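Here is the structure we will look at, set down as structure tokens.
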8 protein chains.
Amino acid sequence: MIYCAGKTVAQVRTIVAAMLEGEGDILATRATPEMAEAVAELSPDARYNPLGRTLVIRRRARPPTETFIAIVTAGTSDQPVAEEAAETALLFGNRVERINDVGVAGLHRLLARLDLIREARAVIVIAGMEGALASVVAGLVARPVIAVPTSVGYGASFNGLSALLGMLTSCAGGVGVVNIDNGFGAACLASLINQP
Amino acid sequence: MIYCAGKTVAQVRTIVAAMLEGEGDILATRATPEMAEAVAELSPDARYNPLGRTLVIRRRARPPTETFIAIVTAGTSDQPVAEEAAETALLFGNRVERINDVGVAGLHRLLARLDLIREARAVIVIAGMEGALASVVAGLVARPVIAVPTSVGYGASFNGLSALLGMLTSCAGGVGVVNIDNGFGAACLASLINQP
Amino acid sequence: MIYCAGKTVAQVRTIVAAMLEGEGDILATRATPEMAEAVAELSPDARYNPLGRTLVIRRRARPPTETFIAIVTAGTSDQPVAEEAAETALLFGNRVERINDVGVAGLHRLLARLDLIREARAVIVIAGMEGALASVVAGLVARPVIAVPTSVGYGASFNGLSALLGMLTSCAGGVGVVNIDNGFGAACLASLINQP
Amino acid sequence: MIYCAGKTVAQVRTIVAAMLEGEGDILATRATPEMAEAVAELSPDARYNPLGRTLVIRRRARPPTETFIAIVTAGTSDQPVAEEAAETALLFGNRVERINDVGVAGLHRLLARLDLIREARAVIVIAGMEGALASVVAGLVARPVIAVPTSVGYGASFNGLSALLGMLTSCAGGVGVVNIDNGFGAACLASLINQP
Amino acid sequence: MIYCAGKTVAQVRTIVAAMLEGEGDILATRATPEMAEAVAELSPDARYNPLGRTLVIRRRARPPTETFIAIVTAGTSDQPVAEEAAETALLFGNRVERINDVGVAGLHRLLARLDLIREARAVIVIAGMEGALASVVAGLVARPVIAVPTSVGYGASFNGLSALLGMLTSCAGGVGVVNIDNGFGAACLASLINQP
Amino acid sequence: MIYCAGKTVAQVRTIVAAMLEGEGDILATRATPEMAEAVAELSPDARYNPLGRTLVIRRRARPPTETFIAIVTAGTSDQPVAEEAAETALLFGNRVERINDVGVAGLHRLLARLDLIREARAVIVIAGMEGALASVVAGLVARPVIAVPTSVGYGASFNGLSALLGMLTSCAGGVGVVNIDNGFGAACLASLINQP
Amino acid sequence: MIYCAGKTVAQVRTIVAAMLEGEGDILATRATPEMAEAVAELSPDARYNPLGRTLVIRRRARPPTETFIAIVTAGTSDQPVAEEAAETALLFGNRVERINDVGVAGLHRLLARLDLIREARAVIVIAGMEGALASVVAGLVARPVIAVPTSVGYGASFNGLSALLGMLTSCAGGVGVVNIDNGFGAACLASLINQP
Amino acid sequence: MIYCAGKTVAQVRTIVAAMLEGEGDILATRATPEMAEAVAELSPDARYNPLGRTLVIRRRARPPTETFIAIVTAGTSDQPVAEEAAETALLFGNRVERINDVGVAGLHRLLARLDLIREARAVIVIAGMEGALASVVAGLVARPVIAVPTSVGYGASFNGLSALLGMLTSCAGGVGVVNIDNGFGAACLASLINQP
């Protein structure tokens, strides 16, 4: 796995080239389009997700799990983090179901999708601003909830700090929180839950 | 109106004695039982609410308004702030309806009380921890919402800071926030809305 | 309503196109000139306010309210937030009166406009730096005050945090605070007060 | 479940009495010895853990799970939080294994217990100060790690904030974080993982 | 000068005894009544101000200055800090005029005292909560203003931080700020201004 | 006086044009070169200081004061703030003496200039990083010290916050602090001290 | 070594008893007088320093080093931390020299002791408030400086945070910082420097 | 030594030209490529390290010390800070050994290099995110450890604050911390330790 932020295109290219000599799957997060181009020259199998800024080279085909990870977002601005989480979870062999745009300001949209969420083995909830969606989902669904605060918002959102604090102090039990915008980390944890 | 915190019993007594020479209603917030005893000696009409720590001397009887202020709390620990708000609103001549213990971890309890809340002229929402109740109520009710974060919680609640930030960054429109535990201020604002 | 920050021009265009199939008014906040151009191609009725960064498509003509919302600013740097608030309030059908440049460093300017402010049904006070204007107005005017801290200032202003804290701890009762630079949210709340 | 902090002995007693009319297990966290005494009068089955400040009334006997939750602490000062987590996990029917005093300043003690930790279905890591134990365990063990920062420490520990931030920014994947000192919440999440 | 906080009664007594062997005036701030008693045994001239928590032993009589320092407070809770400032300024030989309870929520009280404040050589403004009084005074008075934030308030006052930030970001020029509750430091600076 | 940050070139030009119809001196701070060019077209007397980012149009010639303001800087990076302070103080009619590059890491440089500083009527101390220079100067010089923290530094300097806190908590009495980088405000206060 | 804060008297007694079965020296920091009494019953060699709150049982006599550690304090309130550092350094076999009360507000006192400090192998500088002493010493002395911020001060000292930030951003090179009030940690580091 | 951030190319060039008239070595940190070019025109001996952003002009050749400074990094993103530290230490005449990419998520890599680290006279540990490497190294190696937090990371890393707090609250003794990204300062301190 490569975390590209703070690395140059050349560094990423070098690391990927070295990893291609091994046999494992390759995942680069926070990858720029320039990095994607550089890696495409190394491997025809590289697939770039520009919204999620992920770069995937899958080398070991295997069927996804039967149980699944639900990835739930509050709004469209949370989509990039959801993409990062989904790409990671898929590469790790998990079945993924996405439930988008169900923020608490329009509660009926969430209630309409509850049945699907309740069937998940683990639920990733992605939300910015006040991050209330994590509490509401955890109150309604008896599944492990992994909450990802996003840097969506302005002013007192403090780049995701408000959502982070809100998720940590959730009045609902059973919520584990990862770093702001950390879709990758949430998927790691969800995958460890989904595949004992 | 007297804010008693940081004042001595003697100071509060002196201020009340001076106010009794006028004709207005008297409200003391954050009053200790000792202050209540000292004031009881000054006026037989003094009424102390130990949970809300309010001390009221009502001198101008008047019928309450027809429209009402809804005071909504997330949990029992928010009750002292709700009492301060209710005592203030009542003294100012407002009809008050209370909706208690409807925190988002048990959403069905809130949904069961929605009809009443929707009839209010103004809604005061009181919650600690992540303060998500303000967003959820504002998403469901097209009424002015005044959010009061409380210092309920521990750790990353930071004495109400998390609830404060959550309410300020609410994804639902139409939410005005007052200081942490400021039931008095919320009632002032709600009263100005309820009595044009 | 569309909050454009963090969305692409294409995303905004798509959302507006979908909304145009309905019948409601459309308001986009934090819209860039590029977004305005893209939307202008979709509807000849789109009106862009470059200072307030709002994009409005009005489709249901109705006379404004008789009662009005006063929008009060401390200085010219607070103007963009005032524009966002005014555009929102107008679209929601409210009469709006603006009182500009009455910051507390020149108190006489504020005192000269008090009569108008006192007639308002709700008052939006917009100020940066220390945000003292909210306290001073609330001390002088017995109307619901909605305070909007702005990110105007430098150093210890901390992008609006100082104004936010100052407004939350106002020594005057009856002040509800919204997020930093949140003219839209203030207008939502003021409209709910102005139009019961 | 009852969170006792901020409640009076009488309130806790009343809530427990009401719950005893139902049939479920009862768990009170952050309970004082006085609360324990008051509850003991209500039920002979009440068991108080003074270190963990938990009060348990078990009413539905059932065999623990075969898979287990590992509860790992950095030092003796983290023990109260570990007790709260263990009591909660046990009441929920989980097998629990405890690995104490394996902080990173004495790495060999942790390495000596790795085999046991690796067999767990979920791992709760409890640490104060810089909270590095969570990263080290997650780097060594391919299991879901739930990190609990504790308020152990002084000065720049800021009552657990440093440990909290350290755990959130862990360089190892697969770590979910709960609130400072929140042994209860960690056990809720671990139990949902251990019992699909 | 002795800053007593964090010192024992014995330490203060020892330091005062040593200073009494010299000839200078002695001022102890943040002194407890116990310290006052211990010092009274050393010198019959010791004078204790319980509200300001100052202990003064004046040994060099001299007439006060003709020009004066104005000490302006927002409310009664700011009085202890004002006493500390006044005792310090007086001991340093300054004439002092006090203007109390002129917080911005009741602007007319301030306006009624403006003439006196405008005659001062230096103005000390003492206020808690949002600290707006400093800006308003500095906008009205062309004199050096020394602002002292106080720890008066609760919640988002953060023990004086909000007042501190508000004073630092004052929209009015000519305001110098000292530490929270630092009446002593304000008087030092005012005295250096008043006595060139 | 015009604070240019957050204003457009056109806005600054308009404001200056309006002020030129009066007779007073004009000072614009935080002015960009583009603003300087625009203003130069309006008045041949406009003088731009690119380091201090000040724009001055002097219209009332008067001899400077005999007493002077000392402007003391810790390092060359503090020079822009010193220029802003100097231009402001000069425009207000004060004599100014500059003492540069006397930070505490090279104490001998400061000691060599003490005689001059001690003759000042007021001392402005400008320093970033830990801001220790204010304490050292105030300990050595019995003059009013106005401390200006600068945003010089990185990491834990937090854009001037560390210097600000250090100056506020100075162990030396008689230090008044202004906002980070606020050379203008420091000069306003110093001028009020220097010209009773 | 035992860090006693957050431990009970019984726990400390048990740990000491276990350690007494070994042969090493024993040091307990943050020990209360009650702990000292309990340990005195276990060993007649236990020595308690009430100011430094240290409890030492020395069992391996050895001559101190020739080179020494200088422990420098700004004021008497910093003494407890200095005692903790000194007891620790002495137990580890180091020669220690103390230089007290040389804060920067009285620079001559520091200059008078410079010769001794310059001979040290390592220098521990202990200061609260703005912590400027570390910068000044490091600027004057070409020795490794270990800075210990103390929680001495009030208001914007934020329990040592200001001193901590000031020391971290010191304009003088060669300063390493430890946690607030951490005399023990500073002595550990100094001892590792003094005894290669 | 020149700290280039916040200086112009012309300023750096002028300072270097002045220093070249003396005889000492010259080190510029945070130098841009443009500065490097400007200085190259002044001296053919100037050597620029683009990764570490250091510019060195060595003028006094001397053999390095026999004892050495170990520079240990957690990941490749920490490399720029390590380069700054290494260039500084080398210029000061120290032997330097580098141990790269031994972050705690892959503990075996660190354990494999322990023998070398243990031979060092001083150890510089450079890490971002949660900064746990400092605690782990200090627990394993009885040498003075100088910890450098880096601004590597995102979200709750808060530009190095989390690593800074983690290192300050390290559970292992003997760790001195410098400012975020301050490779230069760490090398200054290490050099003072390595060359008594």
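We label chains A, B, ... in the order they appear in the structure tokens, count residues from 1 in each chain, and number ligands from 1 in the order shown.
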
Compile the residues of chain G that lie within 9 Å of chain D, evaluated using only C-alpha atoms, and express the compilation as a PyMOL selection string. chain G and resi 5-7+150-151+159-161+164+179-182

Could those selected residues go to a file with N, CA, C and O atoms, as a short mmCIF file (atom, residue, chain, number, x, y, z; two decimals), in the first residue's frame?
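File written: result-v4.cif
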data_model
loop_
_atom_site.label_atom_id
_atom_site.label_comp_id
_atom_site.auth_asym_id
_atom_site.auth_seq_id
_atom_site.Cartn_x
_atom_site.Cartn_y
_atom_site.Cartn_z
N ALA G 5 1.16 9.27 40.64
CA ALA G 5 -0.12 9.92 40.37
C ALA G 5 -1.10 8.92 39.81
O ALA G 5 -0.76 8.13 38.91
N GLY G 6 -2.33 8.91 40.33
CA GLY G 6 -3.34 7.99 39.86
C GLY G 6 -3.22 6.60 40.47
O GLY G 6 -3.95 5.69 40.08
N LYS G 7 -2.29 6.43 41.39
CA LYS G 7 -2.19 5.15 42.08
C LYS G 7 -2.62 5.35 43.53
O LYS G 7 -2.51 6.45 44.08
N THR G 150 6.91 24.74 33.25
CA THR G 150 6.15 24.40 34.45
C THR G 150 4.75 24.98 34.35
O THR G 150 4.49 25.92 33.60
N SER G 151 3.88 24.42 35.17
CA SER G 151 2.48 24.87 35.15
C SER G 151 2.29 26.12 36.00
O SER G 151 1.17 26.48 36.34
N ASN G 159 -1.87 26.49 32.15
CA ASN G 159 -1.25 25.37 32.89
C ASN G 159 0.07 24.89 32.29
O ASN G 159 0.37 23.71 32.33
N GLY G 160 0.82 25.80 31.75
CA GLY G 160 2.13 25.44 31.25
C GLY G 160 2.23 25.40 29.74
O GLY G 160 3.33 25.29 29.19
N LEU G 161 1.11 25.49 29.06
CA LEU G 161 1.13 25.39 27.60
C LEU G 161 1.93 26.52 26.98
O LEU G 161 2.70 26.32 26.03
N LEU G 164 5.53 25.83 27.37
CA LEU G 164 5.88 24.72 26.49
C LEU G 164 6.07 25.21 25.06
O LEU G 164 7.09 24.92 24.42
N ASN G 179 8.03 17.23 28.83
CA ASN G 179 6.64 17.55 29.20
C ASN G 179 6.59 18.57 30.34
O ASN G 179 7.54 18.72 31.10
N ILE G 180 5.47 19.24 30.46
CA ILE G 180 5.22 20.21 31.52
C ILE G 180 5.43 19.56 32.89
O ILE G 180 4.91 18.48 33.16
N ASP G 181 6.21 20.21 33.73
CA ASP G 181 6.49 19.77 35.11
C ASP G 181 7.28 18.46 35.18
O ASP G 181 7.37 17.87 36.26
N ASN G 182 7.84 18.03 34.07
CA ASN G 182 8.49 16.72 34.05
C ASN G 182 9.97 16.81 34.46
O ASN G 182 10.88 16.60 33.65
#

Tell me which protein, DNA and RNA residues are within 7 Å of Tyr3 of chain H, counting only C-alpha atoms, leaving out same-chain ones fewer than 6 positions away, and put them as a PyMOL selection string. chain H and resi 28-30

Please, could you write that set of residues out with all heavy atoms as a PDB file, in the first residue's frame?
ATOM      1  N   ALA H  28      22.587  27.461   5.361  1.00  0.00           N
ATOM      2  CA  ALA H  28      21.273  28.066   5.189  1.00  0.00           C
ATOM      3  C   ALA H  28      20.243  26.954   5.134  1.00  0.00           C
ATOM      4  O   ALA H  28      20.399  26.007   4.368  1.00  0.00           O
ATOM      5  CB  ALA H  28      21.226  28.896   3.909  1.00  0.00           C
ATOM      6  N   THR H  29      19.197  27.060   5.961  1.00  0.00           N
ATOM      7  CA  THR H  29      18.138  26.048   5.955  1.00  0.00           C
ATOM      8  C   THR H  29      16.891  26.612   5.304  1.00  0.00           C
ATOM      9  O   THR H  29      16.731  27.808   5.188  1.00  0.00           O
ATOM     10  CB  THR H  29      17.804  25.600   7.390  1.00  0.00           C
ATOM     11  OG1 THR H  29      17.382  26.741   8.144  1.00  0.00           O
ATOM     12  CG2 THR H  29      19.018  24.986   8.072  1.00  0.00           C
ATOM     13  N   ARG H  30      16.011  25.711   4.882  1.00  0.00           N
ATOM     14  CA  ARG H  30      14.781  26.077   4.171  1.00  0.00           C
ATOM     15  C   ARG H  30      15.090  26.954   2.951  1.00  0.00           C
ATOM     16  O   ARG H  30      14.391  27.919   2.662  1.00  0.00           O
ATOM     17  CB  ARG H  30      13.797  26.815   5.104  1.00  0.00           C
ATOM     18  CG  ARG H  30      13.625  26.159   6.463  1.00  0.00           C
ATOM     19  CD  ARG H  30      12.701  24.948   6.387  1.00  0.00           C
ATOM     20  NE  ARG H  30      12.891  24.102   7.556  1.00  0.00           N
ATOM     21  CZ  ARG H  30      11.970  23.961   8.537  1.00  0.00           C
ATOM     22  NH1 ARG H  30      10.825  24.576   8.435  1.00  0.00           N
ATOM     23  NH2 ARG H  30      12.212  23.161   9.547  1.00  0.00           N
TER      24      ARG H  30
END

Over all C-alpha atoms paired in order - RMSD of chain A on chain E: 0.0 Å

Residues at most 6 Å from Ala74 of chain F, counting only C-alpha atoms, excluding those fewer than 3 positions away in the same chain, as a list in words? Asp101, Val102, Gly103 and Ala127 of chain F

Output file for the selection above: N, CA, C and O atoms, as a compact mmCIF listing (two decimals), in the first residue's frame:
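Saved file out.txt follows:
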# COMPACT_ATOMS: atom_id res chain seq x y z
N ASP F 101 17.12 43.77 15.12
CA ASP F 101 17.91 42.53 15.22
C ASP F 101 18.57 42.36 16.57
O ASP F 101 19.76 42.06 16.67
N VAL F 102 17.80 42.51 17.62
CA VAL F 102 18.35 42.37 18.97
C VAL F 102 17.66 41.24 19.73
O VAL F 102 17.41 41.33 20.93
N GLY F 103 17.35 40.15 19.01
CA GLY F 103 16.69 39.00 19.62
C GLY F 103 17.51 38.40 20.76
O GLY F 103 18.74 38.55 20.82
N ALA F 127 8.42 40.71 17.94
CA ALA F 127 9.16 39.45 17.91
C ALA F 127 8.23 38.29 17.59
O ALA F 127 7.05 38.30 17.96

All residues 8 Å or closer to segment 11-19 of chain A, only C-alpha atoms, same chain fewer than 5 positions away omitted, as a list in words: Ile2, Cys4, Gly24, Ile26, Met35, Ala38, Val39 and Leu42 of chain A

May I have the selected residues written with all heavy atoms, as a CSV table (one decimal), in the first residue's frame?
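Listing of selection.csv after writing:
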chain,number,residue,atom,x,y,z
A,2,ILE,N,0.5,2.2,-0.8
A,2,ILE,CA,1.3,3.5,-0.8
A,2,ILE,C,0.4,4.7,-0.5
A,2,ILE,O,-0.6,4.8,-1.1
A,2,ILE,CB,1.9,3.7,-2.2
A,2,ILE,CG1,2.6,2.4,-2.7
A,2,ILE,CG2,2.9,4.8,-2.3
A,2,ILE,CD1,2.8,2.4,-4.2
A,4,CYS,N,0.4,8.4,-1.1
A,4,CYS,CA,1.1,9.2,-2.1
A,4,CYS,C,1.3,10.6,-1.6
A,4,CYS,O,2.2,11.3,-2.1
A,4,CYS,CB,0.4,9.2,-3.4
A,4,CYS,SG,0.3,7.6,-4.2
A,24,GLY,N,2.0,-9.3,-5.0
A,24,GLY,CA,0.8,-8.8,-4.2
A,24,GLY,C,0.0,-7.8,-5.0
A,24,GLY,O,0.5,-7.2,-6.0
A,26,ILE,N,-1.6,-4.1,-5.5
A,26,ILE,CA,-1.0,-2.8,-5.2
A,26,ILE,C,-2.1,-1.8,-5.1
A,26,ILE,O,-3.0,-1.7,-6.0
A,26,ILE,CB,0.0,-2.4,-6.3
A,26,ILE,CG1,1.1,-3.4,-6.3
A,26,ILE,CG2,0.5,-1.0,-6.1
A,26,ILE,CD1,2.1,-3.2,-7.5
A,35,MET,N,0.5,10.9,-11.3
A,35,MET,CA,1.0,9.6,-10.8
A,35,MET,C,0.3,8.4,-11.5
A,35,MET,O,1.0,7.4,-11.8
A,35,MET,CB,0.7,9.5,-9.3
A,35,MET,CG,1.6,10.4,-8.4
A,35,MET,SD,1.0,10.5,-6.7
A,35,MET,CE,2.1,11.7,-6.0
A,38,ALA,N,2.0,8.0,-14.8
A,38,ALA,CA,3.4,7.4,-14.7
A,38,ALA,C,3.3,5.9,-14.4
A,38,ALA,O,4.0,5.0,-14.9
A,38,ALA,CB,4.1,8.1,-13.5
A,39,VAL,N,2.3,5.5,-13.6
A,39,VAL,CA,2.1,4.1,-13.2
A,39,VAL,C,1.5,3.3,-14.4
A,39,VAL,O,1.9,2.1,-14.6
A,39,VAL,CB,1.2,3.9,-12.0
A,39,VAL,CG1,0.8,2.5,-11.7
A,39,VAL,CG2,2.0,4.5,-10.7
A,42,LEU,N,3.9,1.6,-16.4
A,42,LEU,CA,4.6,0.4,-15.8
A,42,LEU,C,3.7,-0.8,-15.9
A,42,LEU,O,4.2,-1.9,-16.0
A,42,LEU,CB,4.8,0.7,-14.3
A,42,LEU,CG,5.9,1.7,-14.0
A,42,LEU,CD1,5.9,1.9,-12.5
A,42,LEU,CD2,7.2,1.3,-14.5

What's around Pro196 of chain G at 9 Å? Count only C-alpha atoms, leave out sequence neighbours fewer than 5 positions away in its own chain, and write the answer as a PyMOL selection string. (chain G and resi 191) or (chain H and resi 121+143)

Kindly save the residues from that selection, with C-alpha atoms included, as a PDB file, in the first residue's frame.
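Generated output (part.pdb):
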ATOM      1  CA  SER G 191      21.986  11.885  33.035  1.00  0.00           C
TER       2      SER G 191
ATOM      3  CA  ARG H 121      26.325   8.887  21.332  1.00  0.00           C
ATOM      4  CA  ARG H 143      20.995   6.817  24.793  1.00  0.00           C
TER       5      ARG H 143
END

From a backbone DSSP assignment, name each residue in segment 103-186 of chain C labelled strand (DSSP E), as a ChimeraX atom specification. /C:122-127,145-149,175-177

Atoms to include: N, CA and C atoms. Write the selected residues as a PDB file, in the first residue's frame.
ATOM      1  N   ALA C 122     -36.940  40.492  12.949  1.00  0.00           N
ATOM      2  CA  ALA C 122     -35.745  39.748  13.339  1.00  0.00           C
ATOM      3  C   ALA C 122     -34.542  40.524  12.822  1.00  0.00           C
ATOM      4  N   VAL C 123     -33.435  40.446  13.558  1.00  0.00           N
ATOM      5  CA  VAL C 123     -32.244  41.212  13.210  1.00  0.00           C
ATOM      6  C   VAL C 123     -31.072  40.256  12.999  1.00  0.00           C
ATOM      7  N   ILE C 124     -30.447  40.345  11.834  1.00  0.00           N
ATOM      8  CA  ILE C 124     -29.227  39.579  11.574  1.00  0.00           C
ATOM      9  C   ILE C 124     -28.048  40.532  11.736  1.00  0.00           C
ATOM     10  N   VAL C 125     -27.123  40.208  12.650  1.00  0.00           N
ATOM     11  CA  VAL C 125     -25.953  41.049  12.887  1.00  0.00           C
ATOM     12  C   VAL C 125     -24.720  40.306  12.388  1.00  0.00           C
ATOM     13  N   ILE C 126     -23.979  40.939  11.489  1.00  0.00           N
ATOM     14  CA  ILE C 126     -22.847  40.296  10.828  1.00  0.00           C
ATOM     15  C   ILE C 126     -21.581  41.077  11.159  1.00  0.00           C
ATOM     16  N   ALA C 127     -20.626  40.421  11.814  1.00  0.00           N
ATOM     17  CA  ALA C 127     -19.408  41.128  12.221  1.00  0.00           C
ATOM     18  C   ALA C 127     -18.258  40.158  12.378  1.00  0.00           C
ATOM     19  N   VAL C 145     -32.104  38.462  17.858  1.00  0.00           N
ATOM     20  CA  VAL C 145     -30.860  38.770  17.146  1.00  0.00           C
ATOM     21  C   VAL C 145     -30.187  37.474  16.719  1.00  0.00           C
ATOM     22  N   ILE C 146     -29.904  37.385  15.443  1.00  0.00           N
ATOM     23  CA  ILE C 146     -29.160  36.241  14.917  1.00  0.00           C
ATOM     24  C   ILE C 146     -27.779  36.761  14.539  1.00  0.00           C
ATOM     25  N   ALA C 147     -26.771  36.243  15.208  1.00  0.00           N
ATOM     26  CA  ALA C 147     -25.417  36.769  15.029  1.00  0.00           C
ATOM     27  C   ALA C 147     -24.636  35.875  14.087  1.00  0.00           C
ATOM     28  N   VAL C 148     -23.979  36.499  13.107  1.00  0.00           N
ATOM     29  CA  VAL C 148     -23.150  35.760  12.157  1.00  0.00           C
ATOM     30  C   VAL C 148     -21.709  36.243  12.300  1.00  0.00           C
ATOM     31  N   PRO C 149     -20.841  35.441  12.886  1.00  0.00           N
ATOM     32  CA  PRO C 149     -19.427  35.825  12.921  1.00  0.00           C
ATOM     33  C   PRO C 149     -18.839  35.678  11.522  1.00  0.00           C
ATOM     34  N   VAL C 175     -29.506  36.297  21.925  1.00  0.00           N
ATOM     35  CA  VAL C 175     -28.665  36.209  20.729  1.00  0.00           C
ATOM     36  C   VAL C 175     -28.479  34.745  20.349  1.00  0.00           C
ATOM     37  N   GLY C 176     -28.864  34.386  19.137  1.00  0.00           N
ATOM     38  CA  GLY C 176     -28.601  33.054  18.611  1.00  0.00           C
ATOM     39  C   GLY C 176     -27.501  33.155  17.569  1.00  0.00           C
ATOM     40  N   VAL C 177     -26.562  32.231  17.582  1.00  0.00           N
ATOM     41  CA  VAL C 177     -25.384  32.334  16.729  1.00  0.00           C
ATOM     42  C   VAL C 177     -25.406  31.228  15.685  1.00  0.00           C
TER      43      VAL C 177
END

Might you pull out every residue within 10 Å of Ala86 of chain B, with only C-alpha atoms counted and same-chain residues fewer than 2 positions away left off, and present them as a list of chain:residue names?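 The neighbour list is B:Gly52, B:Thr54, B:Ile69, B:Ala70, B:Ile71, B:Pro80, B:Val81, B:Ala82, B:Glu83, B:Glu84, B:Thr88, B:Ala89, B:Leu90, B:Leu91, B:Phe92, B:Asn94, B:Arg95, B:Val96, B:Glu97, B:Arg98, B:Ile124, B:Gly183, B:Phe184, B:Ala186, B:Ala187.
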
With a distance cut-off of 12 Å and only C-alpha atoms, select the neighbouring residues of Ala112 of chain B, excluding the residue or stretch itself and same-chain residues fewer than 4 positions from it, and output the selection as a PDB file with N, CA, C and O atoms, in the first residue's frame.
ATOM      1  N   ILE B  99     -40.599  18.192  26.035  1.00  0.00           N
ATOM      2  CA  ILE B  99     -40.460  16.883  25.388  1.00  0.00           C
ATOM      3  C   ILE B  99     -39.098  16.338  25.821  1.00  0.00           C
ATOM      4  O   ILE B  99     -38.056  16.781  25.340  1.00  0.00           O
ATOM      5  N   ASN B 100     -39.108  15.366  26.715  1.00  0.00           N
ATOM      6  CA  ASN B 100     -37.860  14.923  27.334  1.00  0.00           C
ATOM      7  C   ASN B 100     -37.352  13.591  26.799  1.00  0.00           C
ATOM      8  O   ASN B 100     -38.142  12.763  26.333  1.00  0.00           O
ATOM      9  N   ASP B 101     -36.036  13.409  26.910  1.00  0.00           N
ATOM     10  CA  ASP B 101     -35.421  12.099  26.663  1.00  0.00           C
ATOM     11  C   ASP B 101     -35.670  11.569  25.269  1.00  0.00           C
ATOM     12  O   ASP B 101     -36.065  10.417  25.087  1.00  0.00           O
ATOM     13  N   VAL B 102     -35.448  12.402  24.278  1.00  0.00           N
ATOM     14  CA  VAL B 102     -35.690  11.965  22.899  1.00  0.00           C
ATOM     15  C   VAL B 102     -34.390  12.028  22.078  1.00  0.00           C
ATOM     16  O   VAL B 102     -34.393  12.396  20.902  1.00  0.00           O
ATOM     17  N   GLY B 106     -32.214   6.807  20.262  1.00  0.00           N
ATOM     18  CA  GLY B 106     -33.505   6.095  20.249  1.00  0.00           C
ATOM     19  C   GLY B 106     -34.497   6.920  19.455  1.00  0.00           C
ATOM     20  O   GLY B 106     -35.391   7.557  20.013  1.00  0.00           O
ATOM     21  N   LEU B 107     -34.329   6.887  18.153  1.00  0.00           N
ATOM     22  CA  LEU B 107     -35.011   7.837  17.280  1.00  0.00           C
ATOM     23  C   LEU B 107     -36.534   7.729  17.357  1.00  0.00           C
ATOM     24  O   LEU B 107     -37.244   8.727  17.194  1.00  0.00           O
ATOM     25  N   HIS B 108     -37.041   6.515  17.636  1.00  0.00           N
ATOM     26  CA  HIS B 108     -38.498   6.323  17.667  1.00  0.00           C
ATOM     27  C   HIS B 108     -39.160   7.205  18.725  1.00  0.00           C
ATOM     28  O   HIS B 108     -40.254   7.673  18.547  1.00  0.00           O
ATOM     29  N   LEU B 116     -46.357  17.307  18.264  1.00  0.00           N
ATOM     30  CA  LEU B 116     -46.379  18.407  19.230  1.00  0.00           C
ATOM     31  C   LEU B 116     -45.309  19.445  18.904  1.00  0.00           C
ATOM     32  O   LEU B 116     -45.562  20.652  18.897  1.00  0.00           O
ATOM     33  N   ILE B 117     -44.099  18.972  18.618  1.00  0.00           N
ATOM     34  CA  ILE B 117     -43.002  19.907  18.360  1.00  0.00           C
ATOM     35  C   ILE B 117     -43.324  20.782  17.148  1.00  0.00           C
ATOM     36  O   ILE B 117     -43.026  21.972  17.131  1.00  0.00           O
ATOM     37  N   ARG B 118     -43.968  20.178  16.158  1.00  0.00           N
ATOM     38  CA  ARG B 118     -44.261  20.933  14.933  1.00  0.00           C
ATOM     39  C   ARG B 118     -45.256  22.067  15.144  1.00  0.00           C
ATOM     40  O   ARG B 118     -45.368  22.960  14.328  1.00  0.00           O
TER      41      ARG B 118
END
